[in-house]
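> Pasting structure-v7.cif below, which is mmCIF, C-alpha atoms.
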data_entry
loop_
_atom_site.label_atom_id
_atom_site.label_comp_id
_atom_site.auth_asym_id
_atom_site.auth_seq_id
_atom_site.Cartn_x
_atom_site.Cartn_y
_atom_site.Cartn_z
CA MET A 88 137.57 74.72 70.08
CA ASP A 89 135.61 73.08 67.26
CA ARG A 90 133.16 74.99 65.07
CA ALA A 91 130.00 73.85 66.91
CA LYS A 92 131.35 75.01 70.27
CA ARG A 93 132.39 78.37 68.81
CA ILE A 94 128.87 78.90 67.45
CA LEU A 95 127.28 78.06 70.81
CA THR A 96 129.67 80.43 72.59
CA ILE A 97 128.89 83.30 70.21
CA VAL A 98 125.13 82.72 70.57
CA GLY A 99 125.47 82.76 74.36
CA ILE A 100 127.39 86.04 74.30
CA VAL A 101 124.82 87.65 71.99
CA LEU A 102 121.96 86.60 74.25
CA LEU A 103 123.70 88.02 77.31
CA LEU A 104 124.40 91.31 75.55
CA PHE A 105 120.78 91.55 74.42
CA ALA A 106 119.43 90.86 77.90
CA HIS A 107 121.65 93.37 79.67
CA ALA A 108 122.07 96.08 77.05
CA GLY A 109 118.87 95.83 75.05
CA GLY A 110 116.72 97.93 77.37
CA ALA A 111 115.09 94.97 79.16
CA SER A 112 116.42 94.83 82.71
CA ILE A 113 116.72 91.33 84.20
CA ALA A 114 116.96 90.58 87.91
CA SER A 115 117.35 87.19 89.53
CA ALA A 116 116.87 85.84 93.02
CA SER A 117 117.16 82.63 94.97
CA GLY A 118 116.59 81.71 98.61
CA GLN A 119 114.39 79.80 101.01
CA SER A 120 111.70 82.25 102.18
CA GLY A 121 109.80 82.74 98.94
CA GLU A 122 109.61 86.50 99.54
CA ASP A 123 112.36 86.93 96.97
CA GLY A 124 110.42 84.88 94.43
CA SER A 125 112.45 81.67 94.70
CA ARG A 126 110.69 78.36 94.23
CA ASP A 127 111.19 74.82 95.43
CA ASP A 128 111.74 72.28 92.63
CA GLY A 129 110.37 69.44 94.81
CA SER A 130 113.73 68.18 96.00
CA GLY A 131 114.12 70.72 98.79
CA GLN A 132 116.42 72.81 96.61
CA THR A 133 115.47 76.30 95.46
CA GLN A 134 115.78 77.40 91.86
CA GLN A 135 116.92 80.78 90.67
CA ARG A 136 114.06 82.83 89.26
CA GLU A 137 114.44 85.68 86.80
CA TYR A 138 112.39 88.86 86.65
CA MET A 139 112.10 91.66 84.13
CA LEU A 140 110.74 95.18 84.43
CA GLY A 141 107.01 95.71 84.02
CA VAL A 142 103.63 95.04 85.59
CA LEU A 143 100.93 92.85 84.07
CA GLY A 144 97.69 94.73 83.33
CA GLN A 145 94.39 92.95 82.70
CA TYR A 146 91.60 95.22 81.43
CA TYR A 147 87.93 94.27 81.90
CA ASP A 148 84.96 95.82 80.11
CA SER A 149 82.93 95.71 83.32
CA ALA A 150 83.22 97.02 86.86
CA ASP A 151 82.66 93.39 87.92
CA ILE A 152 86.27 92.21 87.81
CA THR A 153 85.21 88.67 88.80
CA ASN A 154 83.54 88.09 85.41
CA GLU A 155 86.24 86.59 83.19
CA SER A 156 84.08 86.96 80.07
CA ALA A 157 84.62 90.73 80.46
CA LEU A 158 88.42 90.44 80.11
CA LYS A 159 89.36 92.21 76.86
CA VAL A 160 93.04 93.14 76.93
CA THR A 161 96.11 91.77 78.74
CA ARG A 162 99.29 93.77 78.31
CA LEU A 163 102.57 94.79 79.92
CA ASP A 164 102.47 98.20 81.62
CA THR A 165 105.38 100.16 83.06
CA ASN A 166 103.84 101.35 86.34
CA ILE A 167 100.52 102.16 88.02
CA SER A 168 99.87 105.83 87.44
CA ARG A 169 97.01 106.51 85.07
CA GLY A 170 94.75 109.51 84.53
CA PHE A 171 92.17 108.15 82.09
CA GLY A 172 89.87 111.14 82.49
CA TYR A 173 86.68 110.52 80.52
CA ASP A 174 88.28 108.25 77.90
CA SER A 175 88.57 104.50 77.43
CA PRO A 176 91.58 103.01 79.25
CA ILE A 177 92.59 101.22 76.03
CA GLU A 178 92.32 103.81 73.27
CA GLU A 179 94.20 101.69 70.74
CA SER A 180 91.94 98.67 71.31
CA LYS A 181 90.30 97.04 68.31
CA PRO A 182 86.56 97.83 67.99
CA GLU A 183 85.49 94.27 68.79
CA PHE A 184 87.48 94.46 72.05
CA PHE A 185 86.43 98.02 72.93
CA ILE A 186 86.31 99.02 76.60
CA SER A 187 83.79 101.69 77.55
CA PRO A 188 84.94 104.90 79.30
CA GLU A 189 82.69 103.96 82.22
CA ASN A 190 81.97 100.70 84.04
CA TYR A 191 85.31 98.91 83.67
CA SER A 192 88.02 97.47 85.91
CA ILE A 193 91.73 96.68 85.79
CA ARG A 194 93.91 94.17 87.63
CA TRP A 195 97.65 94.84 87.88
CA SER A 196 99.93 92.10 89.21
CA GLY A 197 103.62 91.37 89.52
CA TYR A 198 106.36 92.07 92.05
CA ILE A 199 107.55 95.15 93.90
CA GLN A 200 111.25 95.42 94.73
CA PRO A 201 112.24 98.11 97.27
CA GLU A 202 115.68 99.72 97.09
CA LYS A 203 115.90 100.16 100.86
CA THR A 204 114.89 98.20 103.95
CA GLY A 205 112.31 99.82 106.19
CA SER A 206 108.66 100.40 107.08
CA TYR A 207 106.60 101.17 103.99
CA VAL A 208 103.10 102.58 103.61
CA PHE A 209 101.34 102.22 100.26
CA LYS A 210 98.89 104.91 99.21
CA THR A 211 96.50 105.28 96.30
CA LEU A 212 94.77 108.27 94.76
CA SER A 213 91.82 106.94 92.80
CA ASP A 214 88.48 107.63 91.23
CA ASP A 215 86.80 105.14 91.75
CA GLY A 216 87.46 102.00 93.84
CA VAL A 217 90.79 100.32 94.59
CA ARG A 218 92.10 97.38 96.61
CA MET A 219 95.57 95.94 97.03
CA THR A 220 97.11 92.75 98.38
CA ILE A 221 100.76 91.88 98.98
CA ASP A 222 102.59 88.68 99.91
CA LEU A 223 105.12 89.27 102.68
CA GLY A 224 106.04 85.61 102.82
CA SER A 225 102.96 83.86 104.19
CA GLY A 226 100.39 84.48 101.45
CA HIS A 227 98.57 87.50 100.10
CA GLU A 228 97.00 89.85 102.62
CA THR A 229 94.77 92.84 101.91
CA ILE A 230 96.42 96.14 102.78
CA ILE A 231 94.08 98.55 100.95
CA ASP A 232 90.35 97.98 100.55
CA SER A 233 88.44 100.99 99.19
CA TRP A 234 86.14 99.24 96.71
CA GLY A 235 83.21 101.21 95.35
CA LEU A 236 82.55 104.76 94.19
CA LEU A 237 85.19 107.31 95.20
CA SER A 238 85.77 110.88 94.08
CA LEU A 239 89.56 111.19 93.63
CA ASP A 240 90.23 110.08 97.21
CA TYR A 241 93.36 108.85 98.99
CA SER A 242 93.55 105.40 100.59
CA SER A 243 96.41 104.16 102.78
CA SER A 244 97.74 100.78 103.87
CA LYS A 245 99.09 99.79 107.24
CA GLU A 246 102.87 99.81 107.70
CA VAL A 247 104.61 96.79 106.18
CA LYS A 248 108.24 95.77 106.64
CA LEU A 249 110.08 95.32 103.34
CA GLU A 250 113.70 94.30 102.76
CA LYS A 251 116.01 95.79 100.18
CA GLY A 252 116.27 93.77 96.98
CA LYS A 253 113.50 91.28 97.72
CA PHE A 254 110.63 90.71 95.31
CA TYR A 255 107.17 90.95 96.88
CA PRO A 256 104.20 89.60 94.89
CA PHE A 257 101.29 92.04 94.79
CA VAL A 258 97.91 92.59 93.14
CA LEU A 259 96.17 95.93 92.72
CA GLU A 260 92.60 96.03 91.41
CA TYR A 261 90.87 99.17 90.20
CA GLN A 262 87.18 99.77 89.50
CA GLN A 263 85.76 102.61 87.39
CA GLY A 264 82.12 103.64 87.66
CA PRO A 265 80.69 106.80 86.08
CA LEU A 266 82.44 109.97 84.89
CA TYR A 267 86.12 110.70 85.70
CA ALA A 268 88.71 107.91 86.05
CA ALA A 269 92.19 107.88 87.59
CA VAL A 270 94.42 105.63 89.70
CA HIS A 271 97.92 106.30 91.09
CA LEU A 272 100.03 104.16 93.45
CA PHE A 273 102.44 105.86 95.88
CA TRP A 274 104.64 104.74 98.75
CA GLU A 275 106.45 106.23 101.70
CA LEU A 276 109.43 104.90 103.67
CA ASP A 277 109.76 105.43 107.43
CA GLY A 278 107.26 108.28 107.26
CA VAL A 279 108.93 110.03 104.31
CA PRO A 280 106.83 110.31 101.10
CA LEU A 281 108.63 108.87 98.08
CA GLY A 282 106.02 109.79 95.46
CA ILE A 283 104.58 107.56 92.75
CA ILE A 284 106.21 104.14 92.72
CA PRO A 285 108.65 104.25 89.78
CA SER A 286 108.71 101.79 86.91
CA THR A 287 112.11 100.54 88.15
CA ALA A 288 110.40 98.97 91.18
CA PHE A 289 107.91 96.83 89.22
CA TYR A 290 108.80 93.37 87.91
CA VAL A 291 107.15 90.37 86.30
CA ASP A 292 108.40 86.86 85.65
CA ARG A 293 110.63 86.71 82.61
CA ASN A 294 108.22 84.48 80.66
CA ILE A 295 105.37 86.96 81.31
CA HIS A 296 107.52 89.81 80.01
CA TYR A 297 108.33 88.08 76.74
CA GLU A 298 104.72 86.94 76.26
CA TYR A 299 103.29 90.47 76.34
CA VAL A 300 106.15 92.91 75.69
CA ASN A 301 105.57 93.22 71.93
CA GLU A 302 101.80 93.02 71.60
CA PRO A 303 98.77 92.87 73.93
CA LEU A 304 96.62 89.74 74.09
CA TYR A 305 92.99 90.36 73.11
CA SER A 306 90.27 88.14 74.60
CA ASN A 307 86.52 87.53 74.38
CA LEU A 308 85.60 88.84 70.94
CA LEU A 309 82.30 90.73 71.01
CA ASP A 310 80.17 91.57 67.98
CA ARG A 311 79.13 95.23 68.29
CA ASN A 312 77.99 95.65 64.69
CA GLY A 313 74.25 95.19 65.17
CA GLU A 314 71.76 97.40 63.35
CA GLY A 315 68.68 96.53 65.39
CA LEU A 316 65.72 94.15 65.41
CA ILE A 317 63.10 94.08 62.66
CA ASN A 318 60.14 96.02 64.06
CA ALA A 319 56.87 95.87 62.09
CA PHE A 320 53.56 97.54 63.07
CA GLU A 321 50.04 97.39 61.63
CA GLY A 322 47.07 99.57 62.55
CA GLU A 323 43.36 98.76 62.51
CA ASP A 324 43.03 101.43 59.82
CA GLY A 325 45.20 99.35 57.47
CA GLY A 326 48.27 101.54 57.88
CA SER A 327 51.68 99.97 58.50
CA HIS A 328 55.24 100.84 59.40
CA LYS A 329 58.45 98.77 59.39
CA GLU A 330 61.96 99.67 60.50
CA GLN A 331 65.16 98.25 61.96
CA SER A 332 65.98 99.60 65.40
CA ASN A 333 66.13 98.80 69.09
CA VAL A 334 62.95 98.64 71.17
CA ASP A 335 62.55 102.07 72.70
CA TYR A 336 59.16 103.51 71.79
CA ASP A 337 56.86 105.97 73.51
CA TRP A 338 54.09 107.06 71.13
CA GLY A 339 51.99 108.71 73.83
CA TRP A 340 48.44 108.83 72.48
CA GLY A 341 49.75 108.46 68.94
CA ALA A 342 51.03 105.59 66.82
CA PRO A 343 54.00 104.65 64.57
CA GLU A 344 54.48 106.64 61.38
CA GLY A 345 51.97 105.69 58.69
CA ILE A 346 49.35 104.49 61.20
CA LYS A 347 46.48 106.82 62.05
CA SER A 348 44.53 104.48 64.30
CA ASP A 349 44.99 104.67 68.07
CA GLN A 350 44.86 100.88 68.12
CA PHE A 351 47.65 98.87 66.50
CA ARG A 352 49.83 95.80 66.89
CA GLY A 353 53.51 95.12 66.41
CA LYS A 354 56.00 92.29 65.95
CA MET A 355 59.68 92.72 66.79
CA TYR A 356 62.16 89.94 66.16
CA GLY A 357 65.84 89.16 65.75
CA TYR A 358 68.80 88.37 67.99
CA ILE A 359 70.39 89.82 71.12
CA VAL A 360 74.19 89.61 71.57
CA PRO A 361 74.97 89.33 75.32
CA ARG A 362 78.07 91.19 76.46
CA TYR A 363 78.92 88.74 79.25
CA THR A 364 78.49 85.16 80.40
CA GLU A 365 76.12 85.52 83.33
CA ALA A 366 72.51 85.54 84.50
CA LEU A 367 70.99 88.27 82.33
CA VAL A 368 67.62 89.87 83.05
CA LEU A 369 65.61 91.27 80.12
CA THR A 370 63.15 93.99 81.14
CA PHE A 371 60.09 95.29 79.29
CA ARG A 372 58.08 98.39 80.19
CA VAL A 373 54.78 98.35 78.28
CA ASP A 374 51.49 100.06 77.71
CA ASP A 375 49.45 97.88 76.84
CA ALA A 376 49.93 94.16 75.94
CA LEU A 377 53.05 92.01 75.58
CA ARG A 378 54.23 88.50 74.71
CA VAL A 379 57.90 87.47 74.53
CA TRP A 380 59.55 84.30 73.25
CA ILE A 381 63.22 83.51 74.03
CA ASP A 382 64.83 80.93 71.74
CA GLY A 383 61.36 79.77 70.73
CA LYS A 384 59.99 79.40 74.28
CA LEU A 385 57.28 81.66 75.70
CA ALA A 386 58.91 83.69 78.49
CA ILE A 387 56.34 86.45 79.14
CA ASP A 388 52.59 86.35 78.54
CA ALA A 389 50.96 89.63 79.56
CA TRP A 390 48.26 90.01 76.90
CA ASP A 391 45.98 92.51 78.62
CA TRP A 392 45.68 96.19 79.47
CA HIS A 393 48.80 97.49 81.25
CA ASN A 394 49.80 101.02 82.13
CA GLN A 395 53.61 101.40 82.10
CA GLU A 396 54.08 98.06 83.84
CA VAL A 397 57.45 96.28 83.96
CA PHE A 398 57.90 92.59 83.11
CA GLU A 399 61.12 90.58 83.37
CA CYS A 400 62.56 87.29 82.20
CA LYS A 401 65.90 85.71 83.11
CA VAL A 402 68.31 84.29 80.55
CA ASP A 403 71.44 82.18 81.07
CA ALA A 404 73.54 84.24 78.69
CA LYS A 405 76.84 83.33 77.06
CA ALA A 406 79.04 86.19 75.93
CA ASN A 407 78.70 86.85 72.19
CA LYS A 408 76.29 83.90 71.70
CA ARG A 409 73.14 85.24 70.08
CA ILE A 410 69.75 84.88 71.74
CA ARG A 411 66.70 84.60 69.49
CA ILE A 412 63.91 86.94 70.58
CA GLU A 413 60.36 87.46 69.30
CA ILE A 414 58.03 90.11 70.70
CA GLU A 415 54.33 90.68 70.12
CA TYR A 416 52.85 94.00 71.20
CA ALA A 417 49.38 95.55 71.14
CA ASP A 418 47.98 98.98 71.91
CA PHE A 419 44.27 98.82 72.77
CA GLY A 420 43.88 102.60 72.86
CA LEU A 421 45.03 105.73 74.71
CA GLY A 422 48.72 105.59 75.79
CA ALA A 423 51.14 103.40 73.80
CA SER A 424 54.74 102.47 74.61
CA ILE A 425 57.20 99.58 74.75
CA ARG A 426 60.83 99.57 75.87
CA MET A 427 63.25 96.63 76.09
CA GLY A 428 66.25 96.81 78.42
CA TRP A 429 68.70 94.58 80.22
CA THR A 430 70.29 94.48 83.64
CA SER A 431 72.94 92.36 85.35
CA LYS A 432 75.83 92.48 87.79
CA ALA A 433 78.40 92.88 85.03
CA LEU A 434 76.42 95.56 83.19
CA GLY A 435 76.32 97.66 86.34
CA ILE A 436 75.63 101.30 85.49
CA GLU A 437 75.26 100.35 81.82
CA SER A 438 72.00 98.56 82.55
CA GLY A 439 69.17 100.17 80.60
CA ILE A 440 67.75 100.16 77.08
CA ILE A 441 69.58 97.58 74.94
CA PRO A 442 71.68 99.55 72.41
CA ILE A 443 71.24 98.93 68.69
CA GLU A 444 74.82 97.65 68.37
CA PHE A 445 73.88 94.49 70.32
CA LEU A 446 70.75 93.72 68.28
CA HIS A 447 70.73 91.85 64.96
CA ASP A 448 68.09 90.92 62.41
CA ARG A 449 69.67 87.57 61.54
CA GLU A 450 71.71 84.82 63.18
#
Take the structure I supplied and represent it as structure tokens, if you would.


Amino acid sequence: MDRAKRILTIVGIVLLLFAHAGGASIASASGQSGEDGSRDDGSGQTQQREYMLGVLGQYYDSADITNESALKVTRLDTNISRGFGYDSPIEESKPEFFISPENYSIRWSGYIQPEKTGSYVFKTLSDDGVRMTIDLGSGHETIIDSWGLLSLDYSSSKEVKLEKGKFYPFVLEYQQGPLYAAVHLFWELDGVPLGIIPSTAFYVDRNIHYEYVNEPLYSNLLDRNGEGLINAFEGEDGGSHKEQSNVDYDWGWGAPEGIKSDQFRGKMYGYIVPRYTEALVLTFRVDDALRVWIDGKLAIDAWDWHNQEVFECKVDAKANKRIRIEIEYADFGLGASIRMGWTSKALGIESGIIPIEFLHDRE
């Protein structure tokens, strides 16, 4: 055997030892049905496909899992049994990819491989919503659909026939609303509870494993370092006040600091950083008068007496792309207030007053 062949042989042996003894279990399958994960190469012949332990987890900073601009972290998990409590699901996440402890969602996908043939029932214990699909050979079908707000409730699938050693593609989606968060996936075989599905039953394609095994993939950078808009007020008495903040004022029958008059005007300007790509609605509750410009165009003109009235304007927002906003406000006497909020499908329960961290004084 010449030197080149010896080197190739040694490299091959090392790779085999690493794959089988290095803690990363590899399983392979081939066949015609597709339930075992085999694939047709176009010639009518099936190719062997390799799997490795793990389940792919995609973490969204929104309860709207359909909004891809909310995807923040993709990583390899070991199983689906998580008690997040009141914390973020990704505690080690970088600040610019932070996921809130409320109003988020997760999609887990991969393959489930049973050790025995029989009738299986999948069960979840979750707070809040959960839904699951599985491919038994003719495409994904929904077997659990409990989407929405739940309070640590169980959900069960119908019975499904699974064969020992086969790889069944599945997707489990989880949605967290307010307060406590948890999701656990169980199974039972022929009426006998087997407990939480172990990590040894979850697999992903080999290329997926190697892509995410060492480090998560972070997506959709979001600037959360805002310090507020520039808000400047002037009273008819000549007094003035200027600060950097969000727009959340209720002066009652008073006025901003430094202004003694019950009649005053204000200008607030800067940039809004949208969290998601979507149709965003900006809301303003005012007493008395209001004008709003979005990217230089007049969007709201309500320059008259108003008593805690709400005005809205819609914006086609792009995640992390700043929106220029200019606001003119006037108090003609008596009650005085102005509040700026936002609402959208992706914001969900986090709709409300726009936080300072998403407001900037410059582009």

> Would you please work out which residue, of A:Lys203, A:Ala269, A:Lys347, A:Gln263, is nearest to Leu281 of chain A when using all atoms listed in the file?

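Once distances to Leu281 of chain A are computed over all atoms listed in the file, the minimum belongs to A:Lys203.
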
> Which residues, named as in the file, does the PyMOL selection byres ((chain A and resi 166) around 12) pick out? Answer as JSON, numbers by chain.

{"A": [140, 141, 142, 143, 144, 162, 163, 164, 165, 167, 168, 169, 195, 196, 197, 198, 199, 259, 270, 271, 272, 273, 283, 284, 285, 286, 287, 288, 289, 290, 291]}

> Quick check on the file I pasted: which residues fall under the PyMOL selection byres ((chain A and resi 394-403) around 12)? Write them as a VMD selection string.

chain A and resid 336 to 337 339 359 to 361 363 to 382 384 to 393 404 to 406 408 to 412 418 to 431

> Please identify all polymer residues within 12 Å of segment 316-318 of chain A, counting all atoms listed in the file, omitting same-chain residues fewer than 3 positions from it, and present them as a compact mmCIF listing (two decimals) with C-alpha atoms, keeping the file's coordinate frame.


# COMPACT_ATOMS: atom_id res chain seq x y z
CA GLY A 313 74.25 95.19 65.17
CA GLU A 321 50.04 97.39 61.63
CA SER A 327 51.68 99.97 58.50
CA HIS A 328 55.24 100.84 59.40
CA LYS A 329 58.45 98.77 59.39
CA GLU A 330 61.96 99.67 60.50
CA GLN A 331 65.16 98.25 61.96
CA SER A 332 65.98 99.60 65.40
CA ASN A 333 66.13 98.80 69.09
CA VAL A 334 62.95 98.64 71.17
CA ASP A 335 62.55 102.07 72.70
CA TYR A 336 59.16 103.51 71.79
CA PRO A 343 54.00 104.65 64.57
CA ARG A 352 49.83 95.80 66.89
CA GLY A 353 53.51 95.12 66.41
CA LYS A 354 56.00 92.29 65.95
CA MET A 355 59.68 92.72 66.79
CA TYR A 356 62.16 89.94 66.16
CA GLY A 357 65.84 89.16 65.75
CA TYR A 358 68.80 88.37 67.99
CA ILE A 359 70.39 89.82 71.12
CA VAL A 360 74.19 89.61 71.57
CA ILE A 410 69.75 84.88 71.74
CA ARG A 411 66.70 84.60 69.49
CA ILE A 412 63.91 86.94 70.58
CA GLU A 413 60.36 87.46 69.30
CA ILE A 414 58.03 90.11 70.70
CA GLU A 415 54.33 90.68 70.12
CA TYR A 416 52.85 94.00 71.20
CA ILE A 425 57.20 99.58 74.75
CA MET A 427 63.25 96.63 76.09
CA ILE A 441 69.58 97.58 74.94
CA PRO A 442 71.68 99.55 72.41
CA ILE A 443 71.24 98.93 68.69
CA GLU A 444 74.82 97.65 68.37
CA PHE A 445 73.88 94.49 70.32
CA LEU A 446 70.75 93.72 68.28
CA HIS A 447 70.73 91.85 64.96
CA ASP A 448 68.09 90.92 62.41
CA ARG A 449 69.67 87.57 61.54
CA GLU A 450 71.71 84.82 63.18

> A:Asn294, A:Gly264, A:Thr229, A:Glu202: which is nearest Gly252 of chain A, counting all atoms listed in the file?

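Between A:Asn294, A:Gly264, A:Thr229, A:Glu202, the residue approaching Gly252 of chain A most closely is A:Glu202.
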
> Between atom CA of Ser175 of chain A and atom CA of Glu189 of chain A, what is the distance, to one decimal in Å?

7.6 Å

> Distance atom CA of Pro176 of chain A-atom CA of Gln145 of chain A, one decimal place?

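Spanning atom CA of Pro176 of chain A to atom CA of Gln145 of chain A is a straight-line distance of 11.0 Å.
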
> To one decimal in Å, tell me the separation between atom CA of Asn407 of chain A and atom CA of Pro303 of chain A.

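Distance between the two atoms: 21.0 Å.
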
> Which neighbours of Met219 of chain A fall inside 8 Å, counting only C-alpha atoms, when residues of the same chain fewer than 6 positions from it are skipped, and could you give them as a PyMOL selection string?

chain A and resi 229-232+257-260

> Go through A:Val208, A:Ala342, A:Leu158, A:Ala150 and flag the residue nearest Gly278 of chain A, using all atoms listed in the file for the distances.

A:Val208

> Going by the chain IDs and residue numbers used in this file, which residues fall under the PyMOL selection byres ((chain A and resi 207) around 6)? Write them as a PyMOL selection string.

chain A and resi 206+208+246-247+275-276

> Since the input is missing atoms, can you rebuild N, CA and C atoms for segment 296-309 of chain A and write them as a PDB file, keeping the file's coordinate frame?


ATOM      1  N   HIS A 296     106.995  88.657  80.755  1.00  0.00           N
ATOM      2  CA  HIS A 296     107.520  89.810  80.010  1.00  0.00           C
ATOM      3  C   HIS A 296     107.572  89.510  78.518  1.00  0.00           C
ATOM      4  N   TYR A 297     108.166  88.380  78.157  1.00  0.00           N
ATOM      5  CA  TYR A 297     108.330  88.080  76.740  1.00  0.00           C
ATOM      6  C   TYR A 297     107.001  87.730  76.059  1.00  0.00           C
ATOM      7  N   GLU A 298     106.022  87.278  76.842  1.00  0.00           N
ATOM      8  CA  GLU A 298     104.720  86.940  76.260  1.00  0.00           C
ATOM      9  C   GLU A 298     103.954  88.187  75.836  1.00  0.00           C
ATOM     10  N   TYR A 299     104.128  89.292  76.583  1.00  0.00           N
ATOM     11  CA  TYR A 299     103.290  90.470  76.340  1.00  0.00           C
ATOM     12  C   TYR A 299     104.062  91.723  75.940  1.00  0.00           C
ATOM     13  N   VAL A 300     105.378  91.683  75.896  1.00  0.00           N
ATOM     14  CA  VAL A 300     106.150  92.910  75.690  1.00  0.00           C
ATOM     15  C   VAL A 300     105.923  93.509  74.302  1.00  0.00           C
ATOM     16  N   ASN A 301     105.693  92.695  73.294  1.00  0.00           N
ATOM     17  CA  ASN A 301     105.570  93.220  71.930  1.00  0.00           C
ATOM     18  C   ASN A 301     104.144  93.557  71.527  1.00  0.00           C
ATOM     19  N   GLU A 302     103.176  92.802  72.026  1.00  0.00           N
ATOM     20  CA  GLU A 302     101.800  93.020  71.600  1.00  0.00           C
ATOM     21  C   GLU A 302     100.833  92.543  72.680  1.00  0.00           C
ATOM     22  N   PRO A 303      99.763  93.307  72.944  1.00  0.00           N
ATOM     23  CA  PRO A 303      98.770  92.870  73.930  1.00  0.00           C
ATOM     24  C   PRO A 303      98.049  91.603  73.456  1.00  0.00           C
ATOM     25  N   LEU A 304      97.465  90.886  74.407  1.00  0.00           N
ATOM     26  CA  LEU A 304      96.620  89.740  74.090  1.00  0.00           C
ATOM     27  C   LEU A 304      95.170  90.182  74.202  1.00  0.00           C
ATOM     28  N   TYR A 305      94.405  89.987  73.124  1.00  0.00           N
ATOM     29  CA  TYR A 305      92.990  90.360  73.110  1.00  0.00           C
ATOM     30  C   TYR A 305      92.145  89.116  73.370  1.00  0.00           C
ATOM     31  N   SER A 306      91.094  89.276  74.192  1.00  0.00           N
ATOM     32  CA  SER A 306      90.270  88.140  74.600  1.00  0.00           C
ATOM     33  C   SER A 306      88.787  88.475  74.441  1.00  0.00           C
ATOM     34  N   ASN A 307      87.980  87.415  74.342  1.00  0.00           N
ATOM     35  CA  ASN A 307      86.520  87.530  74.380  1.00  0.00           C
ATOM     36  C   ASN A 307      85.979  88.493  73.319  1.00  0.00           C
ATOM     37  N   LEU A 308      86.144  88.085  72.073  1.00  0.00           N
ATOM     38  CA  LEU A 308      85.600  88.840  70.940  1.00  0.00           C
ATOM     39  C   LEU A 308      84.120  89.118  71.160  1.00  0.00           C
ATOM     40  N   LEU A 309      83.694  90.348  70.854  1.00  0.00           N
ATOM     41  CA  LEU A 309      82.300  90.730  71.010  1.00  0.00           C
ATOM     42  C   LEU A 309      81.823  91.464  69.763  1.00  0.00           C
TER      43      LEU A 309
END
